[in-house]
>>> print(open('final20.tsv').read())   # TSV, C-alpha atoms
chain	number	residue	atom	x	y	z
A	730	MET	CA	46.66	-112.65	-122.86
A	731	LYS	CA	49.37	-114.65	-121.11
A	732	ASP	CA	51.71	-111.68	-121.44
A	733	LEU	CA	49.11	-109.41	-119.93
A	734	VAL	CA	48.65	-111.71	-116.92
A	735	GLN	CA	52.41	-111.88	-116.48
A	736	TRP	CA	52.68	-108.10	-116.72
A	737	VAL	CA	49.91	-107.64	-114.15
A	738	ARG	CA	51.72	-110.05	-111.81
A	739	ASN	CA	55.02	-108.25	-112.23
A	740	GLN	CA	53.47	-104.82	-111.84
A	741	SER	CA	50.86	-105.72	-109.20
A	742	ASP	CA	51.74	-102.68	-107.07
A	743	ARG	CA	51.22	-100.31	-109.99
A	744	VAL	CA	48.02	-102.05	-111.02
A	745	ALA	CA	46.71	-101.71	-107.44
A	746	SER	CA	47.77	-98.09	-107.49
A	747	TRP	CA	45.79	-97.37	-110.65
A	748	ALA	CA	42.82	-99.27	-109.22
A	749	CYS	CA	42.89	-97.03	-106.12
A	750	VAL	CA	43.17	-93.89	-108.25
A	751	GLY	CA	40.30	-95.06	-110.48
A	752	LEU	CA	38.09	-95.86	-107.49
A	753	GLY	CA	38.99	-92.52	-105.94
A	754	VAL	CA	37.94	-90.64	-109.07
A	755	ILE	CA	34.67	-92.63	-109.19
A	756	CYS	CA	34.03	-91.77	-105.51
A	757	LEU	CA	34.67	-88.08	-106.13
A	758	ILE	CA	32.37	-87.97	-109.16
A	759	SER	CA	29.58	-89.92	-107.44
A	760	GLY	CA	29.95	-87.68	-104.37
A	761	TRP	CA	29.61	-84.61	-106.55
A	762	VAL	CA	26.53	-86.06	-108.26
A	763	GLY	CA	24.99	-86.92	-104.88
A	764	VAL	CA	25.65	-83.49	-103.39
A	765	SER	CA	24.29	-81.79	-106.51
A	766	ALA	CA	21.05	-83.76	-106.32
A	767	THR	CA	19.87	-82.25	-103.04
A	768	ALA	CA	19.75	-78.77	-101.55
A	769	PHE	CA	19.69	-79.90	-97.91
A	770	PRO	CA	23.07	-79.85	-96.15
A	771	GLY	CA	21.97	-82.71	-93.90
A	772	GLU	CA	21.44	-84.90	-96.96
A	773	GLN	CA	24.62	-83.71	-98.65
A	774	MET	CA	26.93	-84.53	-95.77
A	775	PRO	CA	26.99	-88.34	-96.27
A	776	TYR	CA	28.07	-87.72	-99.89
A	777	VAL	CA	30.79	-85.36	-98.71
A	778	VAL	CA	32.21	-88.15	-96.54
A	779	SER	CA	31.66	-91.14	-98.85
A	780	GLY	CA	32.50	-89.28	-102.02
A	781	GLY	CA	34.88	-86.51	-101.04
A	782	LEU	CA	36.88	-87.86	-98.10
A	783	VAL	CA	36.93	-91.49	-99.22
A	784	GLY	CA	37.84	-90.34	-102.75
A	785	LEU	CA	40.77	-88.33	-101.41
A	786	PHE	CA	41.81	-91.27	-99.24
A	787	LEU	CA	41.89	-93.59	-102.26
A	788	LEU	CA	43.72	-91.08	-104.46
A	789	GLY	CA	46.34	-90.64	-101.74
A	790	LEU	CA	46.69	-94.38	-101.26
A	791	GLY	CA	47.13	-94.83	-105.01
A	792	GLY	CA	49.84	-92.17	-105.08
A	793	VAL	CA	51.69	-93.77	-102.16
A	794	MET	CA	51.53	-97.18	-103.86
A	795	TRP	CA	52.84	-95.75	-107.13
A	796	LEU	CA	55.80	-94.05	-105.42
A	797	SER	CA	56.43	-97.24	-103.42
A	798	ALA	CA	56.68	-99.18	-106.68
A	799	ASP	CA	59.28	-96.68	-107.95
A	800	LEU	CA	61.29	-97.08	-104.73
A	801	ARG	CA	61.11	-100.89	-105.02
A	802	ASP	CA	62.41	-100.68	-108.60
A	803	GLU	CA	65.28	-98.47	-107.48
A	804	TRP	CA	66.05	-100.86	-104.61
A	805	ARG	CA	66.22	-103.87	-106.94
A	806	GLU	CA	68.35	-101.91	-109.41
A	807	LEU	CA	70.85	-101.11	-106.66
A	808	GLY	CA	70.93	-104.80	-105.76
A	809	ARG	CA	71.73	-105.70	-109.37
A	810	LEU	CA	74.46	-103.04	-109.46
A	811	GLU	CA	76.06	-104.35	-106.25
A	812	ARG	CA	76.04	-107.91	-107.56
A	813	ALA	CA	77.58	-106.80	-110.86
A	814	VAL	CA	80.32	-104.86	-109.05
A	815	LEU	CA	81.12	-107.83	-106.82
A	816	VAL	CA	81.22	-110.25	-109.75
A	817	ALA	CA	83.43	-107.85	-111.75
A	818	GLY	CA	85.74	-107.62	-108.76
A	819	GLY	CA	86.10	-111.41	-108.63
A	820	VAL	CA	83.92	-111.85	-105.57
A	821	GLU	CA	80.80	-113.97	-105.64
A	822	PRO	CA	77.73	-112.05	-104.42
A	823	ASP	CA	77.55	-114.38	-101.40
A	824	GLY	CA	81.01	-113.22	-100.34
A	825	THR	CA	83.10	-116.20	-101.54
A	826	LYS	CA	86.15	-115.66	-103.78
B	1048	MET	CA	81.87	-107.73	-98.86
B	1049	SER	CA	78.66	-105.68	-99.07
B	1050	GLN	CA	76.17	-105.98	-96.27
B	1051	PRO	CA	73.12	-108.11	-97.03
B	1052	TYR	CA	69.95	-106.13	-97.68
B	1053	ALA	CA	66.30	-107.02	-97.25
B	1054	PRO	CA	64.39	-107.60	-100.48
B	1055	GLU	CA	62.45	-104.36	-99.88
B	1056	PRO	CA	63.43	-100.87	-98.66
B	1057	TRP	CA	61.04	-101.17	-95.72
B	1058	ASN	CA	61.34	-103.22	-92.55
B	1059	ARG	CA	58.56	-104.87	-90.59
B	1060	ARG	CA	58.15	-101.83	-88.34
B	1061	ASN	CA	57.58	-99.54	-91.34
B	1062	LEU	CA	55.07	-101.98	-92.78
B	1063	THR	CA	53.21	-102.28	-89.48
B	1064	GLY	CA	53.08	-98.51	-89.05
B	1065	PHE	CA	51.76	-97.97	-92.58
B	1066	ALA	CA	49.21	-100.77	-92.32
B	1067	VAL	CA	47.94	-99.59	-88.92
B	1068	ALA	CA	47.67	-95.94	-90.02
B	1069	THR	CA	45.88	-96.88	-93.26
B	1070	ALA	CA	43.49	-99.26	-91.50
B	1071	LEU	CA	42.81	-96.74	-88.73
B	1072	GLY	CA	42.20	-94.00	-91.29
B	1073	ALA	CA	39.80	-96.25	-93.22
B	1074	ALA	CA	38.01	-97.23	-90.01
B	1075	LEU	CA	37.59	-93.59	-88.97
B	1076	LEU	CA	36.26	-92.74	-92.43
B	1077	GLY	CA	33.80	-95.64	-92.24
B	1078	ALA	CA	32.67	-94.62	-88.76
B	1079	SER	CA	32.31	-91.04	-89.95
B	1080	TYR	CA	30.15	-92.09	-92.89
B	1081	LEU	CA	27.91	-94.31	-90.76
B	1082	GLY	CA	27.56	-91.61	-88.12
B	1083	VAL	CA	26.84	-88.81	-90.59
B	1084	SER	CA	24.30	-90.98	-92.42
B	1085	SER	CA	22.40	-91.71	-89.19
B	1086	GLU	CA	22.07	-88.02	-88.25
B	1087	VAL	CA	19.72	-85.56	-89.88
B	1088	GLN	CA	20.73	-82.26	-88.32
B	1089	LEU	CA	23.84	-80.53	-89.69
B	1090	LYS	CA	25.02	-79.54	-86.20
B	1091	ASP	CA	25.04	-83.22	-85.19
B	1092	GLN	CA	26.86	-84.23	-88.37
B	1093	VAL	CA	29.76	-81.78	-88.13
B	1094	PRO	CA	31.64	-83.58	-85.28
B	1095	LEU	CA	31.30	-86.82	-87.22
B	1096	LEU	CA	32.64	-85.11	-90.34
B	1097	ASP	CA	35.63	-84.04	-88.23
B	1098	LEU	CA	36.14	-87.69	-87.39
B	1099	GLY	CA	36.40	-88.47	-91.09
B	1100	ILE	CA	38.89	-85.64	-91.63
B	1101	ALA	CA	40.94	-86.99	-88.71
B	1102	GLY	CA	40.92	-90.40	-90.41
B	1103	LEU	CA	42.19	-88.85	-93.62
B	1104	LEU	CA	44.98	-87.10	-91.72
B	1105	VAL	CA	45.98	-90.32	-89.93
B	1106	ALA	CA	46.16	-92.20	-93.25
B	1107	THR	CA	48.15	-89.33	-94.83
B	1108	ALA	CA	50.65	-89.38	-91.95
B	1109	GLY	CA	51.04	-93.14	-92.39
B	1110	GLY	CA	51.66	-92.77	-96.13
B	1111	VAL	CA	54.16	-89.95	-95.67
B	1112	GLY	CA	56.02	-91.96	-93.01
B	1113	TRP	CA	56.10	-95.00	-95.28
B	1114	LEU	CA	57.50	-93.04	-98.22
B	1115	ALA	CA	60.01	-91.19	-96.04
B	1116	ALA	CA	61.32	-94.49	-94.66
B	1117	GLY	CA	61.60	-95.91	-98.19
B	1118	ILE	CA	63.40	-92.84	-99.56
B	1119	LYS	CA	65.82	-92.87	-96.62
B	1120	ALA	CA	66.61	-96.57	-97.06
B	1121	VAL	CA	67.22	-96.14	-100.81
B	1122	ARG	CA	69.45	-93.12	-100.16
B	1123	VAL	CA	71.56	-95.05	-97.63
B	1124	ARG	CA	71.90	-97.99	-100.01
B	1125	LYS	CA	72.84	-95.68	-102.87
B	1126	ALA	CA	75.65	-94.18	-100.77
B	1127	ALA	CA	76.82	-97.69	-99.86
B	1128	ALA	CA	76.78	-98.69	-103.54
B	1129	VAL	CA	78.94	-95.69	-104.48
B	1130	THR	CA	81.38	-96.62	-101.70
B	1131	LEU	CA	81.46	-100.20	-102.99
B	1132	VAL	CA	82.17	-99.08	-106.56
B	1133	ARG	CA	84.91	-96.72	-105.35
B	1134	SER	CA	86.51	-99.48	-103.27
B	1135	ARG	CA	86.58	-101.81	-106.30
B	1136	PHE	CA	87.34	-99.45	-109.16
B	1137	GLY	CA	88.76	-96.27	-107.64
B	1138	SER	CA	87.02	-92.94	-108.12
B	1139	VAL	CA	83.63	-92.67	-109.71
B	1140	GLU	CA	83.68	-90.14	-112.53
B	1141	VAL	CA	80.44	-89.02	-114.05
B	1142	ALA	CA	80.77	-87.21	-117.37
B	1143	GLY	CA	79.03	-83.90	-117.27
B	1144	PRO	CA	78.64	-81.18	-119.85
B	1145	ALA	CA	81.88	-79.63	-120.98
B	1146	GLY	CA	82.83	-76.20	-119.72
B	1147	PRO	CA	82.77	-73.21	-122.06
B	1148	GLY	CA	86.55	-73.14	-122.35
B	1149	GLU	CA	86.94	-76.76	-123.45
B	1150	GLY	CA	87.48	-77.55	-127.08
B	1151	PHE	CA	85.75	-80.32	-129.02
B	1152	VAL	CA	87.09	-82.38	-131.82
B	1153	ALA	CA	85.63	-83.76	-135.01
B	1154	ALA	CA	86.75	-84.95	-138.41
B	1155	ALA	CA	85.54	-83.26	-141.56
B	1156	ARG	CA	83.11	-86.07	-142.42
B	1157	LEU	CA	81.82	-86.70	-138.89
B	1158	THR	CA	78.31	-85.58	-138.03
B	1159	ARG	CA	79.02	-85.41	-134.29
B	1160	TYR	CA	81.66	-83.63	-132.26
B	1161	HIS	CA	83.45	-85.29	-129.33
B	1162	ARG	CA	85.62	-84.65	-126.31
B	1163	LEU	CA	89.29	-85.13	-127.02
B	1164	GLY	CA	89.50	-88.35	-124.99
B	1165	CYS	CA	86.37	-89.97	-126.44
B	1166	SER	CA	86.98	-93.54	-127.54
B	1167	LEU	CA	84.94	-92.99	-130.71
B	1168	VAL	CA	87.57	-90.64	-132.09
B	1169	ALA	CA	90.61	-92.53	-130.84
B	1170	GLY	CA	93.14	-92.90	-133.67
B	1171	LYS	CA	91.14	-90.71	-136.04
B	1172	ASP	CA	92.44	-87.63	-137.75
B	1173	VAL	CA	90.45	-84.99	-135.90
B	1174	SER	CA	90.82	-81.29	-135.42
B	1175	ALA	CA	89.67	-79.11	-132.55
B	1176	ALA	CA	87.11	-76.35	-132.91
B	1177	THR	CA	84.78	-74.41	-130.67
B	1178	LEU	CA	81.25	-75.46	-129.89
B	1179	ALA	CA	79.88	-72.66	-132.07
B	1180	GLU	CA	81.96	-73.79	-135.03
B	1181	HIS	CA	80.74	-77.38	-134.71
B	1182	SER	CA	77.16	-76.18	-134.45
B	1183	THR	CA	77.61	-74.04	-137.55
B	1184	ALA	CA	78.95	-77.09	-139.38
B	1185	GLY	CA	75.74	-78.92	-138.44
B	1186	ARG	CA	77.35	-81.34	-135.99
B	1187	ARG	CA	75.57	-82.66	-132.93
B	1188	PRO	CA	77.19	-83.64	-129.58
B	1189	CYS	CA	78.40	-87.21	-129.16
B	1190	GLY	CA	76.03	-89.41	-127.17
B	1191	VAL	CA	78.86	-91.40	-125.58
B	1192	CYS	CA	81.20	-88.74	-124.21
B	1193	ALA	CA	78.33	-86.29	-123.64
B	1194	ALA	CA	80.28	-83.55	-125.35
>>> encode(input="final20.tsv", output="structure tokens")
Amino acid sequence: MKDLVQWVRNQSDRVASWACVGLGVICLISGWVGVSATAFPGEQMPYVVSGGLVGLFLLGLGGVMWLSADLRDEWRELGRLERAVLVAGGVEPDGTK
Amino acid sequence: MSQPYAPEPWNRRNLTGFAVATALGAALLGASYLGVSSEVQLKDQVPLLDLGIAGLLVATAGGVGWLAAGIKAVRVRKAAAVTLVRSRFGSVEVAGPAGPGEGFVAAARLTRYHRLGCSLVAGKDVSAATLAEHSTAGRRPCGVCAA
């Protein structure tokens, strides 16, 4: 349980991403159910917005957050590489010999 | 000395732009939903639906801008890292697959074949053969020299 909490903390951006994607899928499904339940376009339109558009918005946000997490990982990895190169070259990462 | 980098690929301006676009998109979607819900006639709902679509486009533009800024920052830092490695250790050589004309070496009892300079065959009694001959003998490429 402690490991899970730690993992969620470390991967908070990916957890948020999956939460957005999950909510987006729920919105899309509930929108489809709502639209299917009535034949009147005037009654369907609120479901189109709340289910369809909001669902797409959340799916997109989840995708952006997931890709952001990948970019953050790459950024940190480059930082580690730079530090390792500097240390191997006899220079402290803060610039002192 | 390498230049100091921020802890994230994005600066405050990128963050502000993304946050504003996402919040504006969400607000337009909310306004669209409230407006559409309060109207009964389809012709009155359509302009409000357009508002929601505009909100989605604004949020999409914000997300694309955010990712583009992140990708650009990572690319610049990657180039700087390669320059740093070159300045410390000389050229950066990345082993790629061997060309068709290059020979590979292996010993009779080895299950993998290697490039001639591979450290795993240094000092061993190896003989060169073509890729097809090694494959026929059931040998796989070395995982270190990427033969």
>>> residues_around(input="final20.tsv", residues="B:Pro1054", least_positions_apart="5", cutoff="12 Å", atoms="all atoms listed in the file", output="PyMOL selection string")
(chain A and resi 800-809) or (chain B and resi 1059+1120-1121)
>>> closest_residue(input="final20.tsv", among="A:Leu782, A:Met730, A:Leu787, A:Met774", to="A:Gly751", atoms="all atoms listed in the file")
A:Leu787
>>> atom_distance(input="final20.tsv", atom1="atom CA of A:Leu810", atom2="atom CA of B:Pro1056")
15.6 Å
>>> closest_atom_pairs(input="final20.tsv", of="chain A", to="chain B", cutoff="10 Å", atoms="only C-alpha atoms", output="Markdown table")
| residue | atom | partner | partner_atom | distance |
| --- | --- | --- | --- | --- |
| A:Phe769 | CA | B:Leu1089 | CA | 9.2 |
| A:Pro770 | CA | B:Leu1089 | CA | 6.5 |
| A:Gly771 | CA | B:Leu1089 | CA | 5.1 |
| A:Glu772 | CA | B:Val1087 | CA | 7.3 |
| A:Gln773 | CA | B:Leu1089 | CA | 9.5 |
| A:Met774 | CA | B:Val1083 | CA | 6.7 |
| A:Pro775 | CA | B:Ser1084 | CA | 5.4 |
| A:Tyr776 | CA | B:Tyr1080 | CA | 8.5 |
| A:Val777 | CA | B:Leu1096 | CA | 8.6 |
| A:Val778 | CA | B:Tyr1080 | CA | 5.8 |
| A:Ser779 | CA | B:Tyr1080 | CA | 6.2 |
| A:Gly780 | CA | B:Tyr1080 | CA | 9.8 |
| A:Leu782 | CA | B:Leu1103 | CA | 7.0 |
| A:Val783 | CA | B:Leu1076 | CA | 6.9 |
| A:Leu785 | CA | B:Leu1103 | CA | 7.9 |
| A:Phe786 | CA | B:Leu1103 | CA | 6.1 |
| A:Leu787 | CA | B:Ala1073 | CA | 9.7 |
| A:Gly789 | CA | B:Thr1107 | CA | 7.3 |
| A:Leu790 | CA | B:Gly1110 | CA | 7.3 |
| A:Gly792 | CA | B:Gly1110 | CA | 9.2 |
| A:Val793 | CA | B:Gly1110 | CA | 6.1 |
| A:Met794 | CA | B:Gly1110 | CA | 8.9 |
| A:Leu796 | CA | B:Leu1114 | CA | 7.5 |
| A:Ser797 | CA | B:Leu1114 | CA | 6.8 |
| A:Leu800 | CA | B:Gly1117 | CA | 6.7 |
| A:Arg801 | CA | B:Glu1055 | CA | 6.3 |
| A:Asp802 | CA | B:Glu1055 | CA | 9.5 |
| A:Glu803 | CA | B:Val1121 | CA | 7.3 |
| A:Trp804 | CA | B:Val1121 | CA | 6.2 |
| A:Arg805 | CA | B:Pro1054 | CA | 7.7 |
| A:Leu807 | CA | B:Lys1125 | CA | 6.9 |
| A:Gly808 | CA | B:Tyr1052 | CA | 8.2 |
| A:Leu810 | CA | B:Ala1128 | CA | 7.7 |
| A:Glu811 | CA | B:Ala1128 | CA | 6.3 |
| A:Arg812 | CA | B:Ser1049 | CA | 9.2 |
| A:Ala813 | CA | B:Val1132 | CA | 10.0 |
| A:Val814 | CA | B:Val1132 | CA | 6.6 |
| A:Leu815 | CA | B:Met1048 | CA | 8.0 |
| A:Ala817 | CA | B:Arg1135 | CA | 8.7 |
| A:Gly818 | CA | B:Arg1135 | CA | 6.4 |
| A:Gly819 | CA | B:Arg1135 | CA | 9.9 |
| A:Val820 | CA | B:Met1048 | CA | 8.1 |
| A:Glu821 | CA | B:Met1048 | CA | 9.3 |
| A:Pro822 | CA | B:Met1048 | CA | 8.2 |
| A:Asp823 | CA | B:Met1048 | CA | 8.3 |
| A:Gly824 | CA | B:Met1048 | CA | 5.8 |
| A:Thr825 | CA | B:Met1048 | CA | 9.0 |
>>> atom_distance(input="final20.tsv", atom1="atom CA of B:Val1067", atom2="atom CA of B:Val1105")
9.5 Å
>>> atom_distance(input="final20.tsv", atom1="atom CA of B:Arg1186", atom2="atom CA of B:Arg1159")
4.7 Å
>>> closest_residue(input="final20.tsv", among="B:Ser1174, B:Ser1182, B:Asn1061, B:Ser1166", to="B:Ala1115", atoms="all atoms listed in the file")
B:Asn1061
>>> build_atoms(input="final20.tsv", residues="stretch 1162-1181 of chain B", atoms="N, CA and C atoms", output="compact mmCIF listing (two decimals), in the frame of the given file")
# COMPACT_ATOMS: atom_id res chain seq x y z
N ARG B 1162 84.52 -85.08 -127.17
CA ARG B 1162 85.62 -84.65 -126.31
C ARG B 1162 86.90 -85.28 -126.84
N LEU B 1163 88.01 -84.66 -126.49
CA LEU B 1163 89.29 -85.13 -127.02
C LEU B 1163 89.58 -86.59 -126.65
N GLY B 1164 89.19 -86.99 -125.44
CA GLY B 1164 89.50 -88.35 -124.99
C GLY B 1164 88.46 -89.40 -125.36
N CYS B 1165 87.46 -89.02 -126.13
CA CYS B 1165 86.37 -89.97 -126.44
C CYS B 1165 86.89 -91.15 -127.25
N SER B 1166 86.47 -92.34 -126.86
CA SER B 1166 86.98 -93.54 -127.54
C SER B 1166 86.50 -93.63 -128.99
N LEU B 1167 85.46 -92.92 -129.34
CA LEU B 1167 84.94 -92.99 -130.71
C LEU B 1167 85.81 -92.22 -131.70
N VAL B 1168 86.67 -91.35 -131.17
CA VAL B 1168 87.57 -90.64 -132.09
C VAL B 1168 89.03 -91.05 -131.90
N ALA B 1169 89.23 -92.09 -131.08
CA ALA B 1169 90.61 -92.53 -130.84
C ALA B 1169 91.23 -93.01 -132.15
N GLY B 1170 92.41 -92.49 -132.46
CA GLY B 1170 93.14 -92.90 -133.67
C GLY B 1170 92.64 -92.25 -134.94
N LYS B 1171 91.65 -91.37 -134.82
CA LYS B 1171 91.14 -90.71 -136.04
C LYS B 1171 91.80 -89.36 -136.22
N ASP B 1172 91.83 -88.92 -137.44
CA ASP B 1172 92.44 -87.63 -137.75
C ASP B 1172 91.41 -86.54 -137.48
N VAL B 1173 91.46 -85.99 -136.27
CA VAL B 1173 90.45 -84.99 -135.90
C VAL B 1173 91.12 -83.65 -135.66
N SER B 1174 90.31 -82.63 -135.72
CA SER B 1174 90.82 -81.29 -135.42
C SER B 1174 89.87 -80.62 -134.43
N ALA B 1175 90.46 -79.77 -133.59
CA ALA B 1175 89.67 -79.11 -132.55
C ALA B 1175 88.99 -77.86 -133.09
N ALA B 1176 87.82 -77.58 -132.54
CA ALA B 1176 87.11 -76.35 -132.91
C ALA B 1176 86.20 -75.99 -131.74
N THR B 1177 85.67 -74.81 -131.76
CA THR B 1177 84.78 -74.41 -130.67
C THR B 1177 83.40 -75.01 -130.89
N LEU B 1178 82.62 -74.94 -129.84
CA LEU B 1178 81.25 -75.46 -129.89
C LEU B 1178 80.45 -74.76 -130.98
N ALA B 1179 80.63 -73.44 -131.07
CA ALA B 1179 79.88 -72.66 -132.07
C ALA B 1179 80.25 -73.09 -133.48
N GLU B 1180 81.53 -73.38 -133.69
CA GLU B 1180 81.96 -73.79 -135.03
C GLU B 1180 81.38 -75.15 -135.41
N HIS B 1181 81.35 -76.06 -134.43
CA HIS B 1181 80.74 -77.38 -134.71
C HIS B 1181 79.25 -77.24 -135.00
